[in-house]
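The block underneath contains the structure these notes are about, expressed in structure tokens.
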Amino acid sequence: MKYISKKEFAERAGVSKRTFGRWMARHDAELRSLGVEKHDKLVSPMAARQIA
């Protein structure tokens, strides 16, 4: 698996980028523990597996 953009991740999940962003804001602490910061444009493969 490769790094994936937040936009592409949202499209694959079937939600808008805005909805995905809101979900990420609610789960900020958990995502930070995976190495995903609020303003990052890409999600690492390890973090993507955990989110999915």
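Residue numbering restarts at 1 in every chain; chains get A, B, ... in the order shown in the structure tokens, and ligands count up from 1 in that same order.
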request  = From chain A, collect each residue whose DSSP state is helix (DSSP H, G or I) and return the set as a ChimeraX atom specification.
outcome  = /A:6-13,17-26,28-33,45-51
Nearby residues (only C-alpha atoms) at most 12 Å from Lys2 (chain A), same-chain spacing under 6 positions excluded, as a PDB file with N, CA and C atoms, in the first residue's frame:
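And here's selection-v5.pdb as it stands now:
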ATOM      1  N   GLU A   8      -8.555  11.329  -1.673  1.00  0.00           N
ATOM      2  CA  GLU A   8      -8.757  10.003  -2.248  1.00  0.00           C
ATOM      3  C   GLU A   8      -9.340   9.044  -1.208  1.00  0.00           C
ATOM      4  N   PHE A   9      -8.878   9.154   0.027  1.00  0.00           N
ATOM      5  CA  PHE A   9      -9.395   8.302   1.100  1.00  0.00           C
ATOM      6  C   PHE A   9     -10.896   8.535   1.269  1.00  0.00           C
ATOM      7  N   LEU A  42      -1.373  13.823   3.226  1.00  0.00           N
ATOM      8  CA  LEU A  42      -1.280  12.392   2.950  1.00  0.00           C
ATOM      9  C   LEU A  42      -1.400  11.577   4.231  1.00  0.00           C
ATOM     10  N   VAL A  43      -1.940  10.378   4.080  1.00  0.00           N
ATOM     11  CA  VAL A  43      -2.076   9.437   5.190  1.00  0.00           C
ATOM     12  C   VAL A  43      -1.136   8.270   4.904  1.00  0.00           C
ATOM     13  N   SER A  44      -0.367   7.888   5.906  1.00  0.00           N
ATOM     14  CA  SER A  44       0.590   6.783   5.716  1.00  0.00           C
ATOM     15  C   SER A  44      -0.153   5.465   5.537  1.00  0.00           C
ATOM     16  N   PRO A  45       0.498   4.484   4.939  1.00  0.00           N
ATOM     17  CA  PRO A  45      -0.138   3.181   4.750  1.00  0.00           C
ATOM     18  C   PRO A  45      -0.575   2.538   6.078  1.00  0.00           C
ATOM     19  N   MET A  46       0.271   2.641   7.113  1.00  0.00           N
ATOM     20  CA  MET A  46      -0.060   2.059   8.406  1.00  0.00           C
ATOM     21  C   MET A  46      -1.303   2.750   9.000  1.00  0.00           C
ATOM     22  N   ALA A  47      -1.345   4.066   8.936  1.00  0.00           N
ATOM     23  CA  ALA A  47      -2.490   4.807   9.463  1.00  0.00           C
ATOM     24  C   ALA A  47      -3.752   4.503   8.648  1.00  0.00           C
ATOM     25  N   ALA A  48      -3.612   4.390   7.336  1.00  0.00           N
ATOM     26  CA  ALA A  48      -4.765   4.072   6.482  1.00  0.00           C
ATOM     27  C   ALA A  48      -5.376   2.737   6.832  1.00  0.00           C
ATOM     28  N   ARG A  49      -4.533   1.734   7.130  1.00  0.00           N
ATOM     29  CA  ARG A  49      -5.054   0.423   7.532  1.00  0.00           C
ATOM     30  C   ARG A  49      -5.820   0.526   8.840  1.00  0.00           C
TER      31      ARG A  49
END
Checklist entry - Could you name the residues that touch region 4-7 of chain A at 12 Å or less, counting only C-alpha atoms, but leaving out those on the same chain fewer than 4 positions away, as a PyMOL selection string? => result chain A and resi 11-24+36-49+51
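Across chain A, DSSP run on the backbone finds strand (DSSP E) at A:Ile4, A:Ser5, A:Leu42, A:Val43.
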